[in-house]
file work_30.tsv (TSV, C-alpha atoms)
chain	number	residue	atom	x	y	z
A	26	MET	CA	26.44	-2.58	-19.28
A	27	GLY	CA	24.49	-5.39	-20.96
A	28	PHE	CA	22.95	-6.50	-24.24
A	29	SER	CA	21.44	-3.02	-24.61
A	30	ASP	CA	24.94	-1.84	-25.56
A	31	PHE	CA	24.93	-4.11	-28.62
A	32	ILE	CA	23.88	-2.03	-31.61
A	33	GLY	CA	21.59	-3.48	-34.24
A	34	ASN	CA	20.38	-7.02	-35.01
A	35	GLU	CA	17.87	-6.87	-32.16
A	36	THR	CA	15.97	-9.94	-33.40
A	37	ALA	CA	19.05	-12.17	-33.50
A	38	VAL	CA	20.14	-11.04	-30.04
A	39	ARG	CA	16.65	-11.56	-28.61
A	40	HIS	CA	16.50	-15.11	-29.98
A	41	LEU	CA	19.83	-15.93	-28.33
A	42	ARG	CA	18.65	-14.52	-25.02
A	43	GLU	CA	15.42	-16.51	-25.28
A	44	ALA	CA	17.50	-19.63	-25.86
A	45	ILE	CA	19.52	-18.91	-22.72
A	46	ALA	CA	16.32	-18.40	-20.73
A	47	ALA	CA	14.91	-21.71	-21.95
A	48	GLY	CA	18.16	-23.55	-21.31
A	49	ARG	CA	18.40	-24.32	-25.03
A	50	LEU	CA	21.39	-22.27	-26.14
A	51	PRO	CA	23.16	-24.53	-28.68
A	52	HIS	CA	26.54	-25.91	-27.68
A	53	SER	CA	28.00	-24.80	-31.03
A	54	LEU	CA	27.16	-21.44	-32.64
A	55	LEU	CA	28.25	-19.89	-35.92
A	56	LEU	CA	27.91	-16.09	-35.90
A	57	ALA	CA	28.06	-14.88	-39.49
A	58	GLY	CA	28.04	-11.35	-40.86
A	59	PRO	CA	30.15	-8.61	-42.42
A	60	ARG	CA	33.33	-7.37	-40.78
A	61	GLY	CA	32.42	-4.91	-38.05
A	62	ALA	CA	28.89	-6.25	-37.56
A	63	GLY	CA	29.73	-7.20	-33.97
A	64	LYS	CA	30.22	-10.96	-34.23
A	65	TYR	CA	33.11	-11.10	-31.76
A	66	THR	CA	31.51	-8.57	-29.42
A	67	LEU	CA	28.34	-10.65	-29.32
A	68	ALA	CA	30.36	-13.81	-28.65
A	69	VAL	CA	32.02	-12.17	-25.64
A	70	MET	CA	28.65	-10.87	-24.41
A	71	LEU	CA	27.23	-14.39	-24.59
A	72	ALA	CA	30.17	-15.65	-22.54
A	73	GLN	CA	29.39	-12.96	-19.95
A	74	ALA	CA	25.66	-13.71	-19.96
A	75	VAL	CA	26.01	-17.45	-19.33
A	76	ASN	CA	28.59	-16.86	-16.58
A	77	CYS	CA	27.41	-13.63	-14.91
A	78	LEU	CA	27.37	-14.02	-11.14
A	79	GLU	CA	24.43	-11.65	-10.69
A	80	GLN	CA	22.30	-12.93	-13.59
A	81	PRO	CA	20.13	-9.83	-14.06
A	82	GLN	CA	17.20	-9.68	-16.44
A	83	THR	CA	16.05	-6.90	-18.74
A	84	ASP	CA	12.76	-7.02	-20.61
A	85	GLY	CA	12.19	-10.38	-18.94
A	86	LEU	CA	15.21	-11.98	-20.62
A	87	PRO	CA	18.68	-12.96	-19.33
A	88	ASP	CA	21.32	-10.23	-19.35
A	89	PHE	CA	24.70	-9.64	-17.72
A	90	CYS	CA	25.79	-7.04	-15.19
A	91	GLY	CA	29.21	-6.18	-16.58
A	92	ARG	CA	30.44	-5.57	-13.01
A	93	CYS	CA	30.90	-8.93	-11.32
A	94	ALA	CA	34.25	-10.71	-11.27
A	95	ASN	CA	33.33	-13.00	-14.17
A	96	CYS	CA	31.89	-10.23	-16.35
A	97	GLU	CA	34.89	-7.98	-15.78
A	98	ARG	CA	37.49	-10.64	-16.52
A	99	ILE	CA	35.67	-11.92	-19.60
A	100	GLY	CA	35.11	-8.34	-20.77
A	101	GLN	CA	38.84	-7.71	-20.81
A	102	ALA	CA	38.94	-9.81	-23.98
A	103	LEU	CA	36.71	-7.33	-25.85
A	104	ASP	CA	39.73	-5.31	-27.03
A	105	LEU	CA	40.87	-8.19	-29.19
A	106	ASP	CA	43.63	-6.30	-31.02
A	107	ALA	CA	45.28	-5.32	-27.75
A	108	ARG	CA	45.02	-8.82	-26.28
A	109	VAL	CA	46.43	-10.42	-29.44
A	110	ALA	CA	49.29	-7.90	-29.46
A	111	GLU	CA	50.06	-8.86	-25.86
A	112	ALA	CA	49.99	-12.56	-26.75
A	113	ILE	CA	52.34	-12.01	-29.69
A	114	ALA	CA	54.72	-9.98	-27.51
A	115	ALA	CA	54.73	-12.77	-24.91
A	116	HIS	CA	55.37	-15.30	-27.67
A	117	GLU	CA	58.41	-13.34	-28.84
A	118	GLU	CA	59.89	-13.58	-25.35
A	119	LEU	CA	59.90	-17.38	-25.46
A	120	ARG	CA	62.95	-19.46	-26.21
A	121	GLU	CA	63.27	-20.40	-29.87
A	122	VAL	CA	62.69	-24.06	-29.06
A	123	ASP	CA	59.39	-23.19	-27.35
A	124	LYS	CA	58.08	-20.82	-30.03
A	125	LYS	CA	57.39	-23.64	-32.47
A	126	GLU	CA	55.13	-25.41	-29.99
A	127	THR	CA	53.31	-22.31	-28.71
A	128	ARG	CA	50.39	-20.72	-30.54
A	129	ILE	CA	48.62	-17.40	-30.06
A	130	LEU	CA	45.69	-17.60	-27.64
A	131	VAL	CA	43.77	-15.06	-25.54
A	132	GLN	CA	42.51	-15.99	-22.09
A	133	THR	CA	41.45	-13.32	-19.60
A	134	HIS	CA	39.23	-15.75	-17.67
A	135	PRO	CA	40.17	-19.39	-16.94
A	136	SER	CA	36.93	-20.67	-18.49
A	137	VAL	CA	36.88	-18.48	-21.62
A	138	LEU	CA	39.42	-19.15	-24.36
A	139	VAL	CA	39.65	-16.97	-27.49
A	140	ILE	CA	41.39	-18.49	-30.50
A	141	PRO	CA	42.48	-15.89	-33.11
A	142	PRO	CA	44.30	-16.63	-36.38
A	143	ASP	CA	47.93	-17.50	-35.67
A	144	PRO	CA	50.59	-15.42	-37.43
A	145	PRO	CA	52.24	-15.18	-39.85
A	146	GLN	CA	49.81	-17.15	-42.06
A	147	LEU	CA	46.82	-15.87	-40.03
A	148	LEU	CA	45.16	-19.28	-39.89
A	149	ILE	CA	43.67	-21.29	-37.03
A	150	LYS	CA	46.32	-23.97	-36.56
A	151	MET	CA	46.47	-27.48	-35.20
A	152	GLY	CA	48.24	-26.44	-32.02
A	153	GLN	CA	45.45	-24.02	-31.15
A	154	VAL	CA	42.74	-26.62	-31.69
A	155	ARG	CA	44.70	-29.14	-29.63
A	156	THR	CA	44.80	-26.66	-26.76
A	157	MET	CA	41.06	-26.10	-27.10
A	158	ILE	CA	40.40	-29.88	-27.11
A	159	ARG	CA	42.46	-30.25	-23.94
A	160	GLU	CA	40.73	-27.33	-22.22
A	161	VAL	CA	37.21	-28.40	-23.20
A	162	GLN	CA	37.62	-31.58	-21.18
A	163	ARG	CA	38.09	-29.60	-17.97
A	164	THR	CA	34.97	-28.87	-15.97
A	165	PRO	CA	34.81	-25.08	-15.36
A	166	ALA	CA	35.68	-24.20	-11.77
A	167	GLU	CA	34.90	-20.47	-11.79
A	168	ALA	CA	32.02	-20.38	-14.26
A	169	ARG	CA	28.89	-22.29	-15.23
A	170	ARG	CA	30.03	-22.83	-18.80
A	171	SER	CA	33.35	-22.98	-20.59
A	172	VAL	CA	33.32	-20.79	-23.69
A	173	PHE	CA	35.60	-21.11	-26.72
A	174	VAL	CA	35.55	-18.39	-29.38
A	175	PHE	CA	37.18	-18.84	-32.79
A	176	THR	CA	37.52	-15.36	-34.28
A	177	SER	CA	38.12	-16.47	-37.87
A	178	ALA	CA	36.80	-19.02	-40.36
A	179	SER	CA	40.29	-19.53	-41.80
A	180	PHE	CA	41.40	-22.97	-40.58
A	181	MET	CA	44.28	-25.15	-41.63
A	182	LYS	CA	42.77	-28.38	-42.97
A	183	GLU	CA	44.01	-30.63	-40.18
A	184	ALA	CA	42.85	-28.12	-37.55
A	185	ALA	CA	39.37	-27.99	-39.07
A	186	ASN	CA	39.14	-31.77	-39.16
A	187	SER	CA	40.21	-32.03	-35.52
A	188	LEU	CA	37.57	-29.50	-34.47
A	189	LEU	CA	34.87	-31.73	-35.95
A	190	LYS	CA	35.38	-34.31	-33.20
A	191	VAL	CA	34.55	-31.76	-30.50
A	192	LEU	CA	31.59	-30.30	-32.40
A	193	GLU	CA	30.05	-33.76	-32.74
A	194	GLU	CA	29.95	-34.44	-28.99
A	195	PRO	CA	30.75	-31.31	-26.97
A	196	PRO	CA	30.60	-31.56	-23.15
A	197	PRO	CA	27.28	-30.29	-21.75
A	198	TYR	CA	29.00	-27.32	-20.05
A	199	ALA	CA	30.83	-26.14	-23.21
A	200	LEU	CA	29.83	-23.33	-25.57
A	201	ILE	CA	31.80	-23.16	-28.83
A	202	VAL	CA	31.36	-20.02	-30.93
A	203	LEU	CA	32.77	-19.58	-34.43
A	204	THR	CA	32.65	-16.24	-36.25
A	205	ALA	CA	32.81	-15.84	-40.00
A	206	GLU	CA	32.28	-13.17	-42.61
A	207	ASN	CA	31.59	-15.90	-45.15
A	208	PRO	CA	30.35	-19.22	-43.67
A	209	GLY	CA	31.20	-20.85	-47.00
A	210	GLU	CA	34.87	-20.72	-45.99
A	211	LEU	CA	34.16	-23.38	-43.39
A	212	LEU	CA	33.92	-27.09	-44.13
A	213	PRO	CA	30.31	-28.18	-44.77
A	214	THR	CA	30.76	-30.71	-41.97
A	215	ILE	CA	31.55	-27.88	-39.55
A	216	ARG	CA	28.60	-25.77	-40.71
A	217	SER	CA	26.25	-28.73	-40.30
A	218	ARG	CA	27.32	-29.14	-36.67
A	219	THR	CA	26.72	-25.53	-35.67
A	220	SER	CA	23.62	-23.36	-35.30
A	221	LEU	CA	23.87	-20.41	-37.68
A	222	VAL	CA	23.05	-16.90	-36.45
A	223	ARG	CA	23.29	-14.20	-39.12
A	224	LEU	CA	24.07	-10.60	-38.25
A	225	GLY	CA	22.96	-8.22	-40.96
A	226	ALA	CA	24.17	-4.80	-42.02
A	227	ILE	CA	22.86	-1.74	-40.16
A	228	PRO	CA	21.07	0.89	-42.31
A	229	THR	CA	23.17	3.96	-43.08
A	230	GLU	CA	20.55	6.24	-41.53
A	231	GLU	CA	21.08	4.46	-38.20
A	232	ILE	CA	24.87	4.64	-38.34
A	233	GLU	CA	25.07	8.41	-38.89
A	234	PRO	CA	23.40	9.37	-35.56
A	235	LEU	CA	25.67	6.88	-33.80
A	236	LEU	CA	28.73	8.54	-35.35
A	237	ALA	CA	27.40	11.95	-34.32
A	238	SER	CA	27.31	10.82	-30.68
A	239	ARG	CA	30.58	8.87	-30.61
A	240	ARG	CA	32.87	10.38	-33.26
A	241	ASN	CA	33.25	14.06	-32.40
A	242	ASP	CA	36.26	14.21	-34.71
A	243	LEU	CA	34.05	13.89	-37.78
A	244	LYS	CA	32.20	16.74	-39.48
A	245	PRO	CA	28.66	16.12	-40.82
A	246	LYS	CA	29.81	15.42	-44.39
A	247	GLU	CA	32.55	13.14	-43.08
A	248	ARG	CA	30.02	11.23	-40.97
A	249	ALA	CA	27.83	10.70	-44.02
A	250	LEU	CA	30.83	9.41	-45.98
A	251	VAL	CA	32.01	7.06	-43.21
A	252	ALA	CA	28.47	5.72	-42.74
A	253	ARG	CA	28.45	4.72	-46.42
A	254	LEU	CA	31.99	3.34	-46.44
A	255	ALA	CA	31.30	1.20	-43.36
A	256	GLU	CA	28.82	-0.86	-45.42
A	257	GLY	CA	26.44	-1.34	-42.54
A	258	ALA	CA	29.07	-2.49	-40.02
A	259	VAL	CA	28.86	-0.53	-36.77
A	260	GLY	CA	32.27	-1.58	-35.52
A	261	ARG	CA	33.90	-0.60	-38.78
A	262	ALA	CA	32.18	2.79	-38.71
A	263	LEU	CA	33.23	3.59	-35.15
A	264	GLY	CA	36.85	2.69	-35.82
A	265	PHE	CA	37.06	3.92	-39.40
A	266	ASP	CA	40.35	5.66	-40.20
A	267	LEU	CA	39.05	8.31	-42.59
A	268	PRO	CA	42.37	10.18	-43.12
A	269	GLY	CA	44.10	6.88	-43.89
A	270	TYR	CA	41.38	5.86	-46.32
A	271	LEU	CA	41.37	9.22	-48.09
A	272	SER	CA	45.16	9.05	-48.48
A	273	ALA	CA	44.93	5.60	-50.08
A	274	ARG	CA	42.00	6.71	-52.23
A	275	THR	CA	44.00	9.67	-53.52
A	276	ASP	CA	46.60	7.25	-54.85
A	277	ALA	CA	43.89	5.01	-56.30
A	278	LEU	CA	42.46	8.02	-58.12
A	279	VAL	CA	45.91	8.73	-59.61
A	280	LEU	CA	45.80	5.24	-61.14
A	281	LEU	CA	42.29	5.71	-62.50
A	282	ARG	CA	42.85	9.20	-63.84
A	283	ASN	CA	46.07	8.13	-65.51
A	284	ALA	CA	44.26	5.28	-67.26
A	285	LEU	CA	41.26	7.33	-68.41
A	286	GLN	CA	42.84	10.68	-69.19
A	287	ALA	CA	46.18	9.52	-70.68
A	288	ALA	CA	47.94	12.16	-68.61
A	289	ASP	CA	51.63	12.65	-67.96
A	290	HIS	CA	52.87	9.49	-66.23
A	291	SER	CA	55.33	11.29	-63.96
A	292	ALA	CA	52.74	11.72	-61.17
A	293	LEU	CA	51.89	8.03	-61.43
A	294	PHE	CA	55.50	6.89	-61.14
A	295	ARG	CA	56.18	9.23	-58.23
A	296	MET	CA	53.23	7.72	-56.44
A	297	THR	CA	53.99	4.05	-57.12
A	298	GLU	CA	57.63	4.57	-56.12
A	299	THR	CA	56.44	5.06	-52.53
A	300	TYR	CA	55.10	1.48	-52.51
A	301	ARG	CA	58.40	-0.33	-52.27
A	302	ALA	CA	59.66	-2.76	-49.64
A	303	GLY	CA	59.04	-3.04	-45.94
A	304	ALA	CA	56.05	-3.37	-43.66
A	305	GLU	CA	54.95	0.21	-44.31
A	306	GLY	CA	54.86	-0.44	-48.05
A	307	GLN	CA	52.79	-3.54	-47.48
A	308	GLN	CA	50.26	-1.68	-45.33
A	309	LYS	CA	50.02	1.08	-47.92
A	310	THR	CA	49.43	-1.44	-50.69
A	311	VAL	CA	46.68	-3.21	-48.74
A	312	ALA	CA	44.97	0.14	-48.11
A	313	LEU	CA	45.34	1.13	-51.77
A	314	ILE	CA	43.78	-2.14	-52.95
A	315	LYS	CA	40.79	-1.64	-50.64
A	316	ALA	CA	40.30	1.95	-51.82
A	317	MET	CA	40.63	0.96	-55.48
A	318	ARG	CA	38.12	-1.86	-55.03
A	319	SER	CA	35.67	0.60	-53.46
A	320	LEU	CA	36.04	2.98	-56.41
A	321	LEU	CA	35.64	0.21	-58.98
A	322	GLU	CA	32.49	-1.03	-57.23
A	323	ASP	CA	31.10	2.52	-57.25
A	324	LEU	CA	31.85	2.83	-60.95
A	325	LEU	CA	30.01	-0.43	-61.51
A	326	MET	CA	26.99	0.97	-59.66
A	327	VAL	CA	26.99	4.10	-61.82
A	328	VAL	CA	27.45	2.18	-65.09
A	329	SER	CA	24.61	-0.14	-64.04
A	330	GLY	CA	22.27	2.77	-63.33
A	331	ALA	CA	22.38	2.43	-59.53
A	332	SER	CA	24.14	5.67	-58.62
A	333	GLY	CA	22.21	5.87	-55.36
A	334	LEU	CA	24.22	2.94	-54.01
A	335	ILE	CA	27.70	4.43	-54.37
A	336	ARG	CA	29.76	4.71	-51.18
A	337	ASN	CA	32.23	7.45	-52.13
A	338	ILE	CA	29.47	10.04	-52.17
A	339	ASP	CA	31.90	12.98	-52.09
A	340	LEU	CA	33.17	11.89	-55.53
A	341	GLU	CA	29.77	11.55	-57.15
A	342	ARG	CA	30.44	14.03	-59.99
A	343	GLU	CA	33.85	12.62	-60.88
A	344	LEU	CA	32.52	9.08	-60.76
A	345	ASP	CA	29.75	10.07	-63.18
A	346	VAL	CA	32.37	11.42	-65.61
A	347	MET	CA	34.56	8.33	-65.26
A	348	ALA	CA	31.59	6.01	-65.73
A	349	GLY	CA	31.03	7.58	-69.14
A	350	GLN	CA	34.53	6.50	-70.16
A	351	VAL	CA	34.41	2.84	-69.09
A	352	THR	CA	32.47	-0.29	-69.91
A	353	LEU	CA	31.50	-3.35	-67.92
A	354	GLU	CA	34.27	-5.24	-69.74
A	355	TRP	CA	36.83	-2.63	-68.64
A	356	LEU	CA	35.65	-2.87	-65.05
A	357	GLU	CA	35.96	-6.65	-65.19
A	358	ARG	CA	39.54	-6.39	-66.50
A	359	ALA	CA	40.34	-3.82	-63.82
A	360	ALA	CA	39.04	-6.17	-61.10
A	361	ARG	CA	41.18	-9.02	-62.45
A	362	GLY	CA	44.20	-6.72	-62.54
A	363	LEU	CA	43.64	-5.77	-58.92
A	364	GLN	CA	43.55	-9.46	-58.00
A	365	ALA	CA	46.90	-9.84	-59.77
A	366	VAL	CA	48.37	-7.09	-57.56
A	367	GLU	CA	47.14	-8.97	-54.48
A	368	SER	CA	48.63	-12.19	-55.80
A	369	GLY	CA	51.92	-10.40	-56.41
A	370	MET	CA	51.99	-9.26	-52.79
A	371	ARG	CA	51.70	-12.87	-51.63
A	372	ARG	CA	54.60	-13.81	-53.91
A	373	ASN	CA	56.68	-10.86	-52.66
A	374	LEU	CA	56.89	-9.18	-56.06
A	375	LEU	CA	58.10	-5.58	-56.08
A	376	ARG	CA	54.99	-3.61	-55.21
A	377	ASN	CA	55.78	-0.54	-57.30
A	378	VAL	CA	56.41	-2.76	-60.34
A	379	SER	CA	53.08	-4.56	-59.79
A	380	LEU	CA	51.26	-1.24	-59.51
A	381	ASP	CA	52.96	0.13	-62.65
A	382	ALA	CA	51.90	-3.01	-64.53
A	383	PHE	CA	48.36	-2.63	-63.21
A	384	ALA	CA	48.25	1.02	-64.31
A	385	THR	CA	49.54	0.07	-67.78
A	386	GLU	CA	46.88	-2.61	-68.10
A	387	LEU	CA	44.14	-0.16	-67.07
A	388	GLU	CA	45.33	2.37	-69.62
A	389	GLY	CA	45.59	-0.22	-72.40
A	390	ALA	CA	42.11	-1.53	-71.65
A	391	ALA	CA	40.65	1.98	-71.70
A	392	ARG	CA	42.18	2.78	-75.07
A	393	GLY	CA	41.22	-0.64	-76.45

call {"tool": "encode", "arguments": {"input": "work_30.tsv", "output": "C-alpha cells"}}
result
Amino acid sequence: MGFSDFIGNETAVRHLREAIAAGRLPHSLLLAGPRGAGKYTLAVMLAQAVNCLEQPQTDGLPDFCGRCANCERIGQALDLDARVAEAIAAHEELREVDKKETRILVQTHPSVLVIPPDPPQLLIKMGQVRTMIREVQRTPAEARRSVFVFTSASFMKEAANSLLKVLEEPPPYALIVLTAENPGELLPTIRSRTSLVRLGAIPTEEIEPLLASRRNDLKPKERALVARLAEGAVGRALGFDLPGYLSARTDALVLLRNALQAADHSALFRMTETYRAGAEGQQKTVALIKAMRSLLEDLLMVVSGASGLIRNIDLERELDVMAGQVTLEWLERAARGLQAVESGMRRNLLRNVSLDAFATELEGAARG
C-alpha cells in the first residue's frame, strides 16, 4: 500500500510528495475538490507518509509502507463513517451531564486527530477546536509530526475564529489539514493561512475501467451510468448506491411527468404520501432532491444544446422530449421550488405537503 493506491490527481500528489522530500510540506493545507475526489483519503495518506516508521520511497519520492505500527493505526481512520459511528455510539453512553461538554472526534493514533462535523447541526464546533488547540501543544511521542484533519469546511463562527490563532503560528511538528468541497465556505482569513491544493474531477473514461475492476455488481450499462453520475469523483463512483438513486429518480420523474403531461394526480399523491415523518422520510426526501436536481441539470444541458454532457444517459430520449416542453425560465422556477423544499425540511414542514406544493408549482409554471 502507498500513494500508488490513490487514484487520479497525480500532479497534485507528486507535488505534495516533493514537498515532503524537501522538508517543505506546509504546516497548514487546504485540500479542495468535489465530494468523492479523495480529499480525506489523501489527508490520511499524508499523515501516514510523514509518520511511517519504514519511510520507503517509490519513483525517488517519499511514500509509506502501510504495514508499520504507525501506518496501520493511522490507516484505521480511513473508514471515516465507521469511526464516526463508533464515536457517536460512545457519546450516547456518556452521562447526560458529560454529553454537553463532549464533542465527536476520531483518534486511532495518539498523534493523529480527525475532527468531523459534530451532530446534530453537522458543524465544526468550539469544543472540537479547543481539543485540537490543547492537543497541538503536545509534542508527539509516537510520531514525527502531529496531524489534525478537519473533514468539513462548515465551522461555527467562534470555532473558525479560534482556529485562526493556531494557523497563524502552528508548532513546527504540527500538520493541519482542512478539506472542503467549496473553499469559499471558509473565512478568507483561514484560506489565506493555508496552502491550497486542488483535486480535480477524474474523466469518465477513467472511472469506467475502475468500476469494471472493483464493482462486479454493475453491468456495463450501469457502469457507464454510475461513471457519469459520479461527476468525476472516484470515491463517489465506488460507493454509489445505484438502486437507491434509481428509486429516488423514479419518484422525481413522477413529479416531472405530472407537471409536463397534466396526468392524473393520483399517482403523484400516492408517491408523495410516502414522504411523511420520521428519519426514513427525511432520507427519502434528501435522495429525491438530489435526483431531481440531477434531472433538472440534465434538462438545462439539453435546452442549452449540450446534450453530450447529461448524466442520466439512460433517459436521453425522454429528456429530449421533456426539454421540448420547458424553457430556461421554467427550469429556473423549478430550481427555486426545489430550494423551497429543502428549506421546508430544515423548518420541519410536512414533507408530503412540501412536495405537493412543489409539484403544483411545476405544473402551473409549465402551463403558464

call {"tool": "residues_around", "arguments": {"input": "work_30.tsv", "residues": "Met181 in chain A", "least_positions_apart": "6", "cutoff": "7 Å", "atoms": "only C-alpha atoms", "output": "ChimeraX atom specification"}}
result
/A:148-150

call {"tool": "write_last_selection", "arguments": {"input": "work_30.tsv", "atoms": "C-alpha atoms", "output": "PDB file, keeping the file's coordinate frame"}}
result
ATOM      1  CA  LEU A 148      45.160 -19.280 -39.890  1.00  0.00           C
ATOM      2  CA  ILE A 149      43.670 -21.290 -37.030  1.00  0.00           C
ATOM      3  CA  LYS A 150      46.320 -23.970 -36.560  1.00  0.00           C
TER       4      LYS A 150
END

call {"tool": "residues_around", "arguments": {"input": "work_30.tsv", "residues": "Leu71 in chain A", "least_positions_apart": "3", "cutoff": "10 Å", "atoms": "all atoms listed in the file", "output": "NGL selection string"}}
result
:A and (28 or 38 or 41-42 or 45 or 50 or 65-68 or 74-77 or 88-89 or 172 or 200 or 202)

call {"tool": "atom_distance", "arguments": {"input": "work_30.tsv", "atom1": "CA of Arg342 in chain A", "atom2": "CA of Val328 in chain A"}}
result
13.2 Å

call {"tool": "residues_around", "arguments": {"input": "work_30.tsv", "residues": "Gly27 in chain A", "least_positions_apart": "6", "cutoff": "10 Å", "atoms": "all atoms listed in the file", "output": "list in words"}}
result
Met70, Gln73, Ala74, Pro81, Gln82, Thr83, Pro87, Asp88, Phe89, Cys90, Gly91, Arg92 and Cys96 of chain A

call {"tool": "atom_distance", "arguments": {"input": "work_30.tsv", "atom1": "CA of Glu231 in chain A", "atom2": "CA of Asp323 in chain A"}}
result
21.6 Å

call {"tool": "atom_distance", "arguments": {"input": "work_30.tsv", "atom1": "CA of Ala316 in chain A", "atom2": "CA of Phe175 in chain A"}}
result
28.4 Å

call {"tool": "closest_residue", "arguments": {"input": "work_30.tsv", "among": "A:Leu387, A:Ala168, A:Leu224, A:Leu130", "to": "Val279 in chain A", "atoms": "only C-alpha atoms"}}
result
A:Leu387

call {"tool": "closest_residue", "arguments": {"input": "work_30.tsv", "among": "A:Thr229, A:Ser291, A:Asn95, A:Ser29", "to": "Val251 in chain A", "atoms": "only C-alpha atoms"}}
result
A:Thr229

call {"tool": "closest_residue", "arguments": {"input": "work_30.tsv", "among": "A:Ser368, A:Glu206, A:Glu121, A:Ile201", "to": "Gly225 in chain A", "atoms": "only C-alpha atoms"}}
result
A:Glu206

call {"tool": "closest_residue", "arguments": {"input": "work_30.tsv", "among": "A:Leu243, A:Ala107, A:Ala360, A:Leu293", "to": "Asp266 in chain A", "atoms": "all atoms listed in the file"}}
result
A:Leu243

call {"tool": "closest_residue", "arguments": {"input": "work_30.tsv", "among": "A:Arg261, A:His134, A:Arg318, A:Arg120", "to": "Glu97 in chain A", "atoms": "all atoms listed in the file"}}
result
A:His134

call {"tool": "closest_residue", "arguments": {"input": "work_30.tsv", "among": "A:Leu313, A:Leu236, A:Leu192, A:Leu147", "to": "Ala258 in chain A", "atoms": "only C-alpha atoms"}}
result
A:Leu236

call {"tool": "decode", "arguments": {"input": "work_30.tsv", "residues": "range 155-180 of chain A", "atoms": "C-alpha atoms", "output": "PDB file, in the first residue's frame"}}
result
ATOM      1  CA  ARG A 155     -10.496  23.646  21.843  1.00  0.00           C
ATOM      2  CA  THR A 156      -9.498  19.983  21.988  1.00  0.00           C
ATOM      3  CA  MET A 157      -7.354  20.435  18.881  1.00  0.00           C
ATOM      4  CA  ILE A 158      -5.673  23.538  20.381  1.00  0.00           C
ATOM      5  CA  ARG A 159      -4.880  21.581  23.544  1.00  0.00           C
ATOM      6  CA  GLU A 160      -3.537  18.591  21.617  1.00  0.00           C
ATOM      7  CA  VAL A 161      -1.426  20.655  19.220  1.00  0.00           C
ATOM      8  CA  GLN A 162       0.657  21.903  22.130  1.00  0.00           C
ATOM      9  CA  ARG A 163       1.784  18.366  22.963  1.00  0.00           C
ATOM     10  CA  THR A 164       4.976  17.184  21.325  1.00  0.00           C
ATOM     11  CA  PRO A 165       4.243  13.874  19.526  1.00  0.00           C
ATOM     12  CA  ALA A 166       5.704  10.906  21.392  1.00  0.00           C
ATOM     13  CA  GLU A 167       4.996   8.125  18.893  1.00  0.00           C
ATOM     14  CA  ALA A 168       5.320  10.039  15.626  1.00  0.00           C
ATOM     15  CA  ARG A 169       7.447  12.690  13.948  1.00  0.00           C
ATOM     16  CA  ARG A 170       4.513  15.001  13.329  1.00  0.00           C
ATOM     17  CA  SER A 171       1.133  15.570  14.904  1.00  0.00           C
ATOM     18  CA  VAL A 172      -1.591  15.666  12.259  1.00  0.00           C
ATOM     19  CA  PHE A 173      -5.019  17.284  12.602  1.00  0.00           C
ATOM     20  CA  VAL A 174      -7.621  16.716   9.872  1.00  0.00           C
ATOM     21  CA  PHE A 175     -10.812  18.782   9.637  1.00  0.00           C
ATOM     22  CA  THR A 176     -13.156  16.851   7.354  1.00  0.00           C
ATOM     23  CA  SER A 177     -15.549  19.726   6.654  1.00  0.00           C
ATOM     24  CA  ALA A 178     -15.438  23.438   5.856  1.00  0.00           C
ATOM     25  CA  SER A 179     -18.591  24.045   7.909  1.00  0.00           C
ATOM     26  CA  PHE A 180     -17.423  25.831  11.066  1.00  0.00           C
TER      27      PHE A 180
END
